[in-house]
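Shown here: my_file_10.cif, mmCIF, C-alpha atoms (C1' of nucleotides).
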data_final
#
loop_
_atom_site.label_atom_id
_atom_site.label_comp_id
_atom_site.auth_asym_id
_atom_site.auth_seq_id
_atom_site.Cartn_x
_atom_site.Cartn_y
_atom_site.Cartn_z
CA MET A 1 216.32 -43.67 94.85
CA ALA A 2 218.87 -40.93 94.54
CA ASP A 3 217.18 -39.87 91.36
CA PRO A 4 216.01 -36.31 91.81
CA THR A 5 213.15 -36.68 89.34
CA PRO A 6 211.43 -39.91 90.28
CA ASP A 7 210.81 -41.69 87.01
CA ARG A 8 207.32 -40.82 85.94
CA THR A 9 207.02 -43.78 83.65
CA ASP A 10 207.71 -46.06 86.53
CA GLN A 11 205.29 -44.24 88.71
CA SER A 12 202.59 -44.58 86.14
CA LEU A 13 203.23 -48.27 85.76
CA ILE A 14 203.19 -48.78 89.48
CA ALA A 15 199.89 -47.01 89.75
CA LEU A 16 198.52 -49.08 86.92
CA ARG A 17 199.50 -52.23 88.69
CA ARG A 18 197.78 -51.10 91.83
CA ILE A 19 194.67 -50.48 89.83
CA LEU A 20 194.84 -53.92 88.30
CA ARG A 21 195.35 -55.67 91.60
CA ALA A 22 192.56 -53.82 93.28
CA THR A 23 190.17 -54.49 90.46
CA GLU A 24 191.03 -58.15 90.30
CA LEU A 25 190.35 -58.58 93.97
CA PHE A 26 187.24 -56.51 93.62
CA GLU A 27 185.87 -58.68 90.89
CA ARG A 28 186.49 -61.79 92.86
CA LYS A 29 184.62 -60.36 95.79
CA LEU A 30 181.79 -59.23 93.64
CA ALA A 31 181.40 -62.59 92.01
CA GLN A 32 181.64 -64.42 95.28
CA ALA A 33 178.90 -62.31 96.70
CA ALA A 34 176.72 -63.38 93.81
CA GLY A 35 177.68 -67.01 94.38
CA LEU A 36 179.57 -67.20 91.13
CA THR A 37 183.06 -67.06 89.79
CA PRO A 38 184.29 -63.90 88.10
CA ALA A 39 184.18 -65.38 84.63
CA GLN A 40 180.67 -66.68 85.13
CA LEU A 41 179.51 -63.35 86.41
CA ARG A 42 180.97 -61.64 83.39
CA VAL A 43 178.98 -63.88 81.10
CA LEU A 44 175.86 -63.19 83.05
CA GLN A 45 176.43 -59.48 82.97
CA ILE A 46 176.93 -59.37 79.25
CA VAL A 47 173.84 -61.39 78.62
CA ALA A 48 171.81 -59.36 81.09
CA LYS A 49 172.62 -56.15 79.38
CA LYS A 50 171.58 -57.23 75.91
CA ASP A 51 168.21 -55.98 74.78
CA HIS A 52 166.46 -59.29 74.91
CA GLY A 53 168.59 -60.77 77.61
CA THR A 54 170.18 -63.11 75.13
CA ALA A 55 173.51 -63.43 73.37
CA THR A 56 175.16 -66.04 71.20
CA PRO A 57 178.23 -67.91 72.40
CA LYS A 58 180.09 -66.39 69.50
CA ALA A 59 179.27 -62.89 70.62
CA LEU A 60 180.19 -63.73 74.17
CA ALA A 61 183.51 -65.18 73.12
CA THR A 62 184.35 -62.12 71.07
CA GLN A 63 183.34 -59.69 73.71
CA MET A 64 185.18 -61.47 76.47
CA GLY A 65 188.26 -62.18 74.43
CA VAL A 66 188.22 -65.93 75.01
CA SER A 67 187.58 -68.92 72.81
CA GLN A 68 184.17 -70.31 72.09
CA ALA A 69 185.09 -73.48 73.89
CA THR A 70 185.62 -71.50 77.03
CA VAL A 71 182.25 -69.87 76.66
CA THR A 72 180.63 -73.24 76.23
CA ALA A 73 182.12 -74.38 79.50
CA LEU A 74 181.04 -71.26 81.32
CA VAL A 75 177.53 -71.39 79.94
CA ASP A 76 177.33 -75.05 80.93
CA LYS A 77 177.92 -74.07 84.51
CA LEU A 78 175.43 -71.25 84.42
CA VAL A 79 172.84 -73.56 82.88
CA ALA A 80 173.46 -76.05 85.64
CA ARG A 81 172.63 -73.34 88.13
CA ASP A 82 169.59 -72.16 86.27
CA MET A 83 171.05 -68.74 85.66
CA VAL A 84 170.70 -68.95 81.90
CA ALA A 85 169.04 -71.25 79.38
CA ARG A 86 170.01 -72.25 75.87
CA HIS A 87 167.56 -71.86 73.01
CA ARG A 88 168.09 -72.75 69.39
CA SER A 89 167.73 -69.73 67.19
CA ASP A 90 164.90 -69.92 64.69
CA VAL A 91 166.42 -67.67 62.10
CA ASP A 92 169.69 -69.55 61.93
CA ARG A 93 169.51 -72.92 63.51
CA ARG A 94 173.25 -73.16 63.88
CA GLN A 95 173.06 -70.46 66.48
CA THR A 96 172.23 -70.78 70.11
CA ASP A 97 170.74 -68.01 72.17
CA VAL A 98 171.93 -67.88 75.70
CA ALA A 99 169.07 -66.32 77.60
CA ILE A 100 169.21 -65.08 81.14
CA THR A 101 166.64 -66.44 83.56
CA ASP A 102 164.92 -64.69 86.40
CA LYS A 103 167.29 -66.34 88.78
CA GLY A 104 170.21 -65.11 86.71
CA ARG A 105 168.90 -61.60 86.72
CA ALA A 106 168.44 -61.76 90.43
CA ALA A 107 172.02 -62.90 90.87
CA VAL A 108 173.36 -60.11 88.71
CA SER A 109 171.43 -57.36 90.34
CA SER A 110 171.99 -58.57 93.85
CA SER A 111 175.75 -58.55 93.70
CA PRO A 112 176.38 -56.20 96.54
CA ASP A 113 179.37 -54.27 95.47
CA ALA A 114 181.34 -53.07 98.49
CA LEU A 115 184.50 -51.97 96.75
CA GLN A 116 182.51 -50.95 93.75
CA GLN A 117 180.47 -48.58 95.78
CA LYS A 118 183.69 -47.39 97.19
CA TYR A 119 185.04 -46.33 93.85
CA VAL A 120 181.82 -44.90 92.55
CA LYS A 121 181.23 -42.95 95.70
CA SER A 122 184.74 -41.60 95.79
CA PHE A 123 184.50 -40.66 92.19
CA GLU A 124 181.19 -38.97 92.53
CA ALA A 125 182.40 -37.06 95.52
CA LEU A 126 185.00 -35.33 93.41
CA MET A 127 184.57 -31.88 92.05
CA ASP A 128 183.31 -31.65 88.57
CA TRP A 129 186.58 -30.55 87.09
CA GLU A 130 188.38 -33.33 88.90
CA GLN A 131 186.06 -35.89 87.43
CA ALA A 132 186.62 -34.48 84.00
CA GLN A 133 190.34 -34.56 84.58
CA LEU A 134 190.31 -38.17 85.68
CA VAL A 135 188.20 -39.27 82.78
CA ALA A 136 190.51 -37.53 80.37
CA SER A 137 193.55 -39.11 81.95
CA LEU A 138 192.08 -42.58 82.05
CA GLU A 139 190.97 -42.40 78.48
CA ARG A 140 194.35 -41.21 77.46
CA VAL A 141 196.07 -44.06 79.21
CA ALA A 142 193.60 -46.51 77.76
CA ALA A 143 194.30 -45.19 74.31
CA MET A 144 198.02 -45.52 74.87
CA LEU A 145 197.58 -49.08 75.96
CA ASP A 146 195.09 -50.47 73.54
CA ALA A 147 195.46 -48.37 70.44
CA HIS A 148 195.86 -51.60 68.52
CA GLU A 149 193.19 -53.62 70.25
CA ILE A 150 190.18 -52.05 68.58
CA ASP A 151 187.31 -54.16 69.84
CA ALA A 152 187.98 -54.46 73.55
CA SER A 153 185.87 -51.78 75.11
CA PRO A 154 182.33 -52.59 75.77
CA VAL A 155 182.01 -55.14 78.50
CA LEU A 156 181.31 -52.76 81.26
CA THR A 157 180.95 -55.29 84.00
CA ILE A 158 180.99 -52.64 86.59
CA ARG A 159 178.83 -49.96 85.18
CA ASP A 160 175.80 -52.02 84.50
CA ILE A 161 175.71 -53.41 87.93
CA ARG A 162 175.85 -49.96 89.26
CA GLN A 163 172.89 -49.02 87.16
CA GLU A 164 170.99 -51.97 88.46
CA ASP A 165 171.41 -50.54 91.88
CA TYR A 166 169.30 -47.54 91.18
CA MET B 1 171.71 -41.21 75.95
CA ALA B 2 169.63 -38.07 76.13
CA ASP B 3 171.61 -37.09 79.17
CA PRO B 4 173.14 -33.70 78.51
CA THR B 5 176.09 -34.36 80.82
CA PRO B 6 177.47 -37.70 79.73
CA ASP B 7 177.86 -39.65 82.91
CA ARG B 8 181.42 -39.22 83.98
CA THR B 9 181.33 -42.13 86.32
CA ASP B 10 180.43 -44.40 83.49
CA GLN B 11 183.09 -42.92 81.30
CA SER B 12 185.70 -43.48 83.92
CA LEU B 13 184.60 -47.07 84.44
CA ILE B 14 184.66 -47.74 80.73
CA ALA B 15 188.14 -46.34 80.45
CA LEU B 16 189.24 -48.40 83.42
CA ARG B 17 187.93 -51.51 81.82
CA ARG B 18 189.79 -50.76 78.64
CA ILE B 19 192.93 -50.34 80.66
CA LEU B 20 192.40 -53.65 82.38
CA ARG B 21 191.76 -55.52 79.17
CA ALA B 22 194.74 -54.06 77.42
CA THR B 23 197.04 -54.75 80.30
CA GLU B 24 195.87 -58.29 80.65
CA LEU B 25 196.52 -58.99 77.01
CA PHE B 26 199.80 -57.21 77.28
CA GLU B 27 200.98 -59.36 80.12
CA ARG B 28 200.08 -62.50 78.29
CA LYS B 29 202.04 -61.40 75.29
CA LEU B 30 204.98 -60.43 77.37
CA ALA B 31 205.08 -63.76 79.13
CA GLN B 32 204.65 -65.67 75.93
CA ALA B 33 207.55 -63.86 74.41
CA ALA B 34 209.66 -65.01 77.32
CA GLY B 35 208.39 -68.56 76.88
CA LEU B 36 206.54 -68.52 80.16
CA THR B 37 203.08 -68.05 81.53
CA PRO B 38 202.16 -64.74 83.13
CA ALA B 39 202.19 -66.11 86.64
CA GLN B 40 205.56 -67.72 86.15
CA LEU B 41 206.98 -64.55 84.72
CA ARG B 42 205.73 -62.64 87.70
CA VAL B 43 207.57 -64.95 90.04
CA LEU B 44 210.70 -64.62 88.01
CA GLN B 45 210.46 -60.87 87.98
CA ILE B 46 210.03 -60.58 91.69
CA VAL B 47 212.96 -62.85 92.33
CA ALA B 48 215.09 -61.09 89.75
CA LYS B 49 214.59 -57.75 91.33
CA LYS B 50 215.62 -58.78 94.82
CA ASP B 51 219.09 -57.79 95.81
CA HIS B 52 220.56 -61.24 95.80
CA GLY B 53 218.25 -62.63 93.19
CA THR B 54 216.53 -64.76 95.80
CA ALA B 55 213.23 -64.71 97.64
CA THR B 56 211.42 -67.07 99.96
CA PRO B 57 208.17 -68.69 98.90
CA LYS B 58 206.54 -66.91 101.79
CA ALA B 59 207.62 -63.54 100.49
CA LEU B 60 206.55 -64.43 96.99
CA ALA B 61 203.14 -65.52 98.17
CA THR B 62 202.61 -62.34 100.12
CA GLN B 63 203.77 -60.11 97.35
CA MET B 64 201.71 -61.84 94.72
CA GLY B 65 198.65 -62.18 96.86
CA VAL B 66 198.37 -65.94 96.43
CA SER B 67 198.81 -68.89 98.75
CA GLN B 68 202.09 -70.57 99.46
CA ALA B 69 200.83 -73.70 97.81
CA THR B 70 200.40 -71.82 94.58
CA VAL B 71 203.90 -70.47 94.82
CA THR B 72 205.25 -73.94 95.34
CA ALA B 73 203.58 -75.06 92.14
CA LEU B 74 204.87 -72.11 90.17
CA VAL B 75 208.37 -72.51 91.48
CA ASP B 76 208.24 -76.20 90.62
CA LYS B 77 207.65 -75.30 87.02
CA LEU B 78 210.38 -72.72 86.95
CA VAL B 79 212.78 -75.19 88.53
CA ALA B 80 211.88 -77.72 85.87
CA ARG B 81 212.91 -75.18 83.26
CA ASP B 82 216.07 -74.23 85.03
CA MET B 83 214.93 -70.68 85.54
CA VAL B 84 215.34 -70.77 89.29
CA ALA B 85 216.86 -73.08 91.85
CA ARG B 86 215.92 -73.86 95.42
CA HIS B 87 218.44 -73.57 98.21
CA ARG B 88 217.92 -74.23 101.88
CA SER B 89 218.57 -71.18 103.93
CA ASP B 90 221.41 -71.51 106.41
CA VAL B 91 220.11 -69.02 108.91
CA ASP B 92 216.68 -70.60 109.19
CA ARG B 93 216.55 -74.07 107.77
CA ARG B 94 212.81 -74.01 107.47
CA GLN B 95 213.18 -71.43 104.78
CA THR B 96 213.94 -72.00 101.15
CA ASP B 97 215.63 -69.44 98.96
CA VAL B 98 214.35 -69.35 95.46
CA ALA B 99 217.31 -68.13 93.45
CA ILE B 100 217.19 -67.02 89.85
CA THR B 101 219.57 -68.71 87.46
CA ASP B 102 221.40 -67.23 84.52
CA LYS B 103 218.85 -68.75 82.27
CA GLY B 104 216.08 -67.19 84.30
CA ARG B 105 217.69 -63.82 84.15
CA ALA B 106 218.08 -64.17 80.44
CA ALA B 107 214.41 -64.99 80.09
CA VAL B 108 213.33 -62.02 82.13
CA SER B 109 215.49 -59.52 80.38
CA SER B 110 214.87 -60.82 76.90
CA SER B 111 211.13 -60.35 76.94
CA PRO B 112 210.92 -58.22 73.88
CA ASP B 113 208.57 -55.42 74.56
CA ALA B 114 206.51 -54.68 71.44
CA LEU B 115 203.32 -53.52 73.04
CA GLN B 116 205.18 -52.57 76.12
CA GLN B 117 207.39 -50.19 74.27
CA LYS B 118 204.26 -48.74 72.80
CA TYR B 119 202.95 -47.59 76.12
CA VAL B 120 206.29 -46.53 77.46
CA LYS B 121 207.10 -44.64 74.31
CA SER B 122 203.74 -42.95 74.20
CA PHE B 123 204.11 -42.00 77.79
CA GLU B 124 207.59 -40.70 77.44
CA ALA B 125 206.62 -38.69 74.42
CA LEU B 126 204.26 -36.64 76.54
CA MET B 127 205.14 -33.25 77.87
CA ASP B 128 206.42 -33.17 81.36
CA TRP B 129 203.29 -31.66 82.82
CA GLU B 130 201.15 -34.18 81.04
CA GLN B 131 203.13 -37.01 82.52
CA ALA B 132 202.75 -35.49 85.92
CA GLN B 133 199.06 -35.13 85.37
CA LEU B 134 198.63 -38.73 84.32
CA VAL B 135 200.61 -40.05 87.22
CA ALA B 136 198.56 -37.98 89.61
CA SER B 137 195.33 -39.22 88.10
CA LEU B 138 196.37 -42.84 88.09
CA GLU B 139 197.53 -42.69 91.64
CA ARG B 140 194.33 -41.07 92.65
CA VAL B 141 192.28 -43.79 91.01
CA ALA B 142 194.47 -46.45 92.54
CA ALA B 143 193.96 -44.89 95.94
CA MET B 144 190.23 -44.82 95.41
CA LEU B 145 190.26 -48.47 94.50
CA ASP B 146 192.61 -50.02 96.97
CA ALA B 147 192.41 -47.80 99.98
CA HIS B 148 191.52 -50.84 102.02
CA GLU B 149 193.98 -53.27 100.49
CA ILE B 150 197.08 -52.02 102.23
CA ASP B 151 199.72 -54.50 101.14
CA ALA B 152 199.07 -54.92 97.44
CA SER B 153 201.37 -52.52 95.71
CA PRO B 154 204.79 -53.62 94.92
CA VAL B 155 204.94 -56.24 92.26
CA LEU B 156 205.87 -54.09 89.36
CA THR B 157 206.01 -56.69 86.69
CA ILE B 158 206.23 -54.14 84.00
CA ARG B 159 208.62 -51.63 85.31
CA ASP B 160 211.47 -53.95 86.00
CA ILE B 161 211.42 -55.39 82.58
CA ARG B 162 211.59 -51.98 81.17
CA GLN B 163 214.62 -51.24 83.26
CA GLU B 164 216.29 -54.36 82.02
CA ASP B 165 215.95 -53.00 78.56
CA TYR B 166 218.31 -50.16 79.13
"C1'" DC C 1 212.45 -80.91 127.11
"C1'" DC C 2 207.89 -80.10 125.17
"C1'" DG C 3 204.24 -77.54 123.18
"C1'" DT C 4 203.38 -74.03 119.74
"C1'" DT C 5 204.20 -71.53 115.80
"C1'" DT C 6 206.20 -70.97 111.30
"C1'" DC C 7 207.75 -72.56 106.70
"C1'" DG C 8 207.39 -75.10 102.96
"C1'" DT C 9 205.63 -79.12 100.48
"C1'" DT C 10 202.25 -82.60 99.10
"C1'" DC C 11 197.69 -83.96 97.85
"C1'" DG C 12 193.28 -83.63 96.02
"C1'" DT C 13 190.14 -80.57 93.85
"C1'" DC C 14 188.25 -77.18 90.90
"C1'" DA C 15 187.82 -73.23 87.52
"C1'" DA C 16 189.36 -71.26 83.31
"C1'" DT C 17 191.50 -71.65 79.43
"C1'" DC C 18 193.34 -73.55 75.10
"C1'" DT C 19 193.60 -76.54 70.70
"C1'" DA C 20 191.93 -79.98 67.82
"C1'" DA C 21 188.43 -82.72 66.23
"C1'" DC C 22 183.67 -83.26 65.38
"C1'" DT C 23 178.51 -82.28 64.22
"C1'" DA C 24 175.05 -79.59 62.26
"C1'" DA C 25 173.36 -75.96 59.54
"C1'" DT C 26 173.82 -72.51 56.09
"C1'" DA C 27 175.79 -70.41 51.88
"C1'" DC C 28 177.48 -70.40 47.49
"C1'" DA C 29 179.25 -71.91 43.05
"C1'" DG C 30 178.32 -74.57 39.10
"C1'" DC D 1 169.91 -79.31 42.66
"C1'" DT D 2 174.40 -80.99 44.25
"C1'" DG D 3 178.40 -80.68 46.58
"C1'" DT D 4 181.93 -78.16 48.74
"C1'" DA D 5 183.11 -74.58 51.91
"C1'" DT D 6 182.13 -71.88 55.81
"C1'" DT D 7 180.21 -70.94 60.21
"C1'" DA D 8 178.30 -72.06 64.95
"C1'" DG D 9 178.62 -74.69 68.67
"C1'" DT D 10 180.07 -78.65 71.38
"C1'" DT D 11 183.13 -82.29 72.93
"C1'" DA D 12 187.49 -84.16 74.40
"C1'" DG D 13 191.78 -83.74 76.47
"C1'" DA D 14 195.45 -81.01 78.32
"C1'" DT D 15 197.58 -77.35 80.96
"C1'" DT D 16 197.67 -73.69 84.24
"C1'" DG D 17 196.57 -71.36 88.39
"C1'" DA D 18 194.50 -71.37 92.51
"C1'" DC D 19 192.82 -73.15 97.05
"C1'" DG D 20 192.48 -75.66 101.58
"C1'" DA D 21 193.85 -79.42 104.48
"C1'" DA D 22 197.21 -82.30 106.20
"C1'" DC D 23 201.91 -82.99 107.10
"C1'" DG D 24 207.02 -82.91 108.29
"C1'" DA D 25 210.75 -80.20 109.80
"C1'" DA D 26 212.74 -76.47 112.12
"C1'" DA D 27 212.68 -72.77 115.47
"C1'" DC D 28 211.17 -70.65 119.61
"C1'" DG D 29 209.45 -69.98 124.30
"C1'" DG D 30 208.87 -71.36 128.59
#
This structure in structure tokens:
Amino acid sequence: MADPTPDRTDQSLIALRRILRATELFERKLAQAAGLTPAQLRVLQIVAKKDHGTATPKALATQMGVSQATVTALVDKLVARDMVARHRSDVDRRQTDVAITDKGRAAVSSSPDALQQKYVKSFEALMDWEQAQLVASLERVAAMLDAHEIDASPVLTIRDIRQEDY
Amino acid sequence: MADPTPDRTDQSLIALRRILRATELFERKLAQAAGLTPAQLRVLQIVAKKDHGTATPKALATQMGVSQATVTALVDKLVARDMVARHRSDVDRRQTDVAITDKGRAAVSSSPDALQQKYVKSFEALMDWEQAQLVASLERVAAMLDAHEIDASPVLTIRDIRQEDY
DNA sequence: CCGTTTCGTTCGTCAATCTAACTAATACAG
DNA sequence: CTGTATTAGTTAGATTGACGAACGAAACGG
């Protein structure tokens, strides 16, 4: 408190935590709006974005950073709700293709963002140089945090939904 | 792809997602190192940082953004491991003080950084103006995300551990 | 004193996650 | 080919975190 130079490391960590909290809540809201849980929505989003609207459990597990068993459970629930369907692969019959259904696509694209819009709109309202600055900063922080964790990146949850909106 | 100005919004969202992923994994590791689950560690950290090393379940629930019932369950587990103890408050006998024990304090302060150090070290290696820039950017993003969610902020998980290290 | 509010716990439920064990299919080495 | 190893996915069982509803105990306000 009496510190004349408020510790920047602390400040950065505090801000990070705020970001995490907000995003967590945001995801819950988003999923709820689509009538799903966050994890289920994530599966659906990944599948939806694939070229043919299909993905293997293995790929899902890798991309989400969870075990295959977890993916099985999630897919089970989505199948029960007719959001996706399982199909045996012809090329390698060990593999299963998890394919999104029309209903699943509808659920993904209908998730009516609220907070999401909030962020995107705020961001897009910024001046060009500010946007560039933020991107640079975020990427820098990301690099500092996950330098080791090579795969990580490409889930995109948020972005693709946004694209659906247009 | 052919877009001449790579979409900055997308870039920022991708970076954000990387940050989230990395932090999530980081927290898991941290907790594991302390022999606890992330949620349990969070409770312990909040309690540890209070002046008298105590907090009421109510306060914990509010600060963590979960229900009191959840806090009860978490505290149960910490009590079972001798990390905290419950004491009836004298001033208001409806209240319970959750007090950290020596063992709990040891667990909190012993969580051996690894990844954590990585971020902190990277951050602290930056030039002063760069640090300032990052903090400003992070806070801006946080503000854009949680403008609505007034309470949120002050859990700090990470920061306090870091302080323990010195 | 009595009704209301507040605090915490208990109970039942459910989602997400893990590990370990198992089945089925493919791959590869002789 | 045959047989072993590897890979993909599921099943089973457990734990954790989370919630809401119901409840008991204490405090507070008339």
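Within 9 Å of chain B, and counting all atoms listed in the file, chain D contributes DT16, DG17, DA18, DC19, DA25, DA26 and DA27 of chain D.
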Output the selection as a compact mmCIF listing (two decimals), in the frame of the given file - C-alpha atoms (C1' of nucleotides) for each residue.
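What landed in part.txt:
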# COMPACT_ATOMS: atom_id res chain seq x y z
C1' DT D 16 197.67 -73.69 84.24
C1' DG D 17 196.57 -71.36 88.39
C1' DA D 18 194.50 -71.37 92.51
C1' DC D 19 192.82 -73.15 97.05
C1' DA D 25 210.75 -80.20 109.80
C1' DA D 26 212.74 -76.47 112.12
C1' DA D 27 212.68 -72.77 115.47
Would you mind listing, for every residue of chain C within 12 Å of chain A, the two atoms forming the shortest contact and the distance between them in Å to one decimal, using only C-alpha atoms (C1' of nucleotides), sorted by chain and ascending residue number, as CSV?
residue,atom,partner,partner_atom,distance
C:DC14,C1',A:Thr37,CA,11.4
C:DA15,C1',A:Thr37,CA,8.1
C:DA16,C1',A:Thr70,CA,7.3
C:DT17,C1',A:Thr70,CA,6.4
C:DC18,C1',A:Ser67,CA,7.7
C:DT19,C1',A:Ala69,CA,9.6
C:DA20,C1',A:Ala69,CA,11.2
C:DT23,C1',A:Arg94,CA,10.5
C:DA24,C1',A:Arg94,CA,6.9
C:DA25,C1',A:Arg94,CA,5.2
C:DT26,C1',A:Asp92,CA,7.7
C:DA27,C1',A:Asp92,CA,11.8
- Applied to this file, what does the PyMOL selection byres ((chain D and resi 21) around 12) return in terms of residues, put as a VMD selection string? (chain B and resid 69) or (chain C and resid 10 to 13) or (chain D and resid 19 to 20 22 to 23)
Please find the residues of chain B near chain A - the criterion being any atom within 7 Å, counting only C-alpha atoms - and write them as a PDB file with C-alpha atoms, in the coordinates of the input.
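Result file follows (iface.pdb):
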ATOM      1  CA  ARG B   8     181.420 -39.220  83.980  1.00  0.00           C
ATOM      2  CA  THR B   9     181.330 -42.130  86.320  1.00  0.00           C
ATOM      3  CA  ASP B  10     180.430 -44.400  83.490  1.00  0.00           C
ATOM      4  CA  GLN B  11     183.090 -42.920  81.300  1.00  0.00           C
ATOM      5  CA  SER B  12     185.700 -43.480  83.920  1.00  0.00           C
ATOM      6  CA  LEU B  13     184.600 -47.070  84.440  1.00  0.00           C
ATOM      7  CA  ILE B  14     184.660 -47.740  80.730  1.00  0.00           C
ATOM      8  CA  ALA B  15     188.140 -46.340  80.450  1.00  0.00           C
ATOM      9  CA  LEU B  16     189.240 -48.400  83.420  1.00  0.00           C
ATOM     10  CA  ARG B  17     187.930 -51.510  81.820  1.00  0.00           C
ATOM     11  CA  ARG B  18     189.790 -50.760  78.640  1.00  0.00           C
ATOM     12  CA  ILE B  19     192.930 -50.340  80.660  1.00  0.00           C
ATOM     13  CA  LEU B  20     192.400 -53.650  82.380  1.00  0.00           C
ATOM     14  CA  ARG B  21     191.760 -55.520  79.170  1.00  0.00           C
ATOM     15  CA  ALA B  22     194.740 -54.060  77.420  1.00  0.00           C
ATOM     16  CA  TYR B 119     202.950 -47.590  76.120  1.00  0.00           C
ATOM     17  CA  VAL B 120     206.290 -46.530  77.460  1.00  0.00           C
ATOM     18  CA  SER B 122     203.740 -42.950  74.200  1.00  0.00           C
ATOM     19  CA  PHE B 123     204.110 -42.000  77.790  1.00  0.00           C
ATOM     20  CA  GLU B 124     207.590 -40.700  77.440  1.00  0.00           C
ATOM     21  CA  GLN B 131     203.130 -37.010  82.520  1.00  0.00           C
ATOM     22  CA  LEU B 134     198.630 -38.730  84.320  1.00  0.00           C
ATOM     23  CA  VAL B 135     200.610 -40.050  87.220  1.00  0.00           C
ATOM     24  CA  SER B 137     195.330 -39.220  88.100  1.00  0.00           C
ATOM     25  CA  LEU B 138     196.370 -42.840  88.090  1.00  0.00           C
ATOM     26  CA  GLU B 139     197.530 -42.690  91.640  1.00  0.00           C
ATOM     27  CA  ALA B 142     194.470 -46.450  92.540  1.00  0.00           C
ATOM     28  CA  MET B 144     190.230 -44.820  95.410  1.00  0.00           C
ATOM     29  CA  LEU B 145     190.260 -48.470  94.500  1.00  0.00           C
ATOM     30  CA  ASP B 146     192.610 -50.020  96.970  1.00  0.00           C
ATOM     31  CA  ALA B 152     199.070 -54.920  97.440  1.00  0.00           C
ATOM     32  CA  SER B 153     201.370 -52.520  95.710  1.00  0.00           C
ATOM     33  CA  LEU B 156     205.870 -54.090  89.360  1.00  0.00           C
ATOM     34  CA  ILE B 158     206.230 -54.140  84.000  1.00  0.00           C
ATOM     35  CA  ARG B 159     208.620 -51.630  85.310  1.00  0.00           C
TER      36      ARG B 159
END
- Note on the structure: Taken to one decimal, the CA of Lys58 (chain B)-CA of Ser89 (chain B) distance is 12.9 Å
- Query: In Å, with one decimal, what is the gap from C1' of DT9 (chain C) to CA of Ala61 (chain B)?
  - Reply: 14.0 Å
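Separating CA of Met127 (chain B) from CA of Leu126 (chain A) is a distance of 25.5 Å.
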- Message: On this structure, the PyMOL selection byres ((chain D and resi 1) around 12) would catch which residues? List them as a list of chain:residue names, sorted by chain and number.
- Response: C:DA29, C:DG30, D:DT2, D:DG3
Generate a file of the selected residues that holds C-alpha atoms (C1' of nucleotides), formatted as a compact mmCIF listing (two decimals), keeping the file's coordinate frame.
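This is the output file part-v1.txt:
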# COMPACT_ATOMS: atom_id res chain seq x y z
C1' DA C 29 179.25 -71.91 43.05
C1' DG C 30 178.32 -74.57 39.10
C1' DT D 2 174.40 -80.99 44.25
C1' DG D 3 178.40 -80.68 46.58
- Quick one: apply the PyMOL selection byres ((chain A and resi 41) around 12) to the file and drop the selected residues here as a count of residues only. 42
- Residues within 12 Å of (193.0, -90.1, 73.2), counting all atoms listed in the file, listed as an NGL selection string: (:C and (20-21)) or (:D and (12-14))
- Message: Give me the residues near DC2 (chain C) as a PyMOL selection string, where near means some atom within 12 Å (using all atoms listed in the file) and where sequence neighbours in that chain fewer than 2 positions away do not count.
- Response: (chain C and resi 4) or (chain D and resi 28-30)
Just region 69-78 of chain B from the block, N, CA and C atoms, as an mmCIF file, in the first residue's frame, could you?
data_model
loop_
_atom_site.group_PDB
_atom_site.id
_atom_site.type_symbol
_atom_site.label_atom_id
_atom_site.label_comp_id
_atom_site.auth_asym_id
_atom_site.auth_seq_id
_atom_site.Cartn_x
_atom_site.Cartn_y
_atom_site.Cartn_z
ATOM 1 N N ALA B 69 -23.049 -23.443 -0.348
ATOM 2 C CA ALA B 69 -23.024 -24.905 -0.248
ATOM 3 C C ALA B 69 -21.707 -25.450 -0.795
ATOM 4 N N THR B 70 -21.273 -24.868 -1.862
ATOM 5 C CA THR B 70 -20.002 -25.294 -2.461
ATOM 6 C C THR B 70 -18.852 -25.027 -1.503
ATOM 7 N N VAL B 71 -18.898 -23.876 -0.887
ATOM 8 C CA VAL B 71 -17.837 -23.541 0.064
ATOM 9 C C VAL B 71 -17.824 -24.547 1.205
ATOM 10 N N THR B 72 -18.981 -24.865 1.690
ATOM 11 C CA THR B 72 -19.059 -25.852 2.771
ATOM 12 C C THR B 72 -18.335 -27.134 2.379
ATOM 13 N N ALA B 73 -18.616 -27.582 1.165
ATOM 14 C CA ALA B 73 -17.988 -28.826 0.703
ATOM 15 C C ALA B 73 -16.474 -28.685 0.624
ATOM 16 N N LEU B 74 -16.032 -27.578 0.098
ATOM 17 C CA LEU B 74 -14.588 -27.374 -0.039
ATOM 18 C C LEU B 74 -13.919 -27.295 1.328
ATOM 19 N N VAL B 75 -14.565 -26.554 2.214
ATOM 20 C CA VAL B 75 -13.988 -26.421 3.552
ATOM 21 C C VAL B 75 -13.965 -27.786 4.244
ATOM 22 N N ASP B 76 -14.994 -28.568 4.033
ATOM 23 C CA ASP B 76 -15.012 -29.917 4.607
ATOM 24 C C ASP B 76 -13.733 -30.665 4.247
ATOM 25 N N LYS B 77 -13.400 -30.583 2.979
ATOM 26 C CA LYS B 77 -12.228 -31.326 2.526
ATOM 27 C C LYS B 77 -10.943 -30.774 3.113
ATOM 28 N N LEU B 78 -10.883 -29.469 3.218
ATOM 29 C CA LEU B 78 -9.683 -28.866 3.798
ATOM 30 C C LEU B 78 -9.586 -29.197 5.287
#
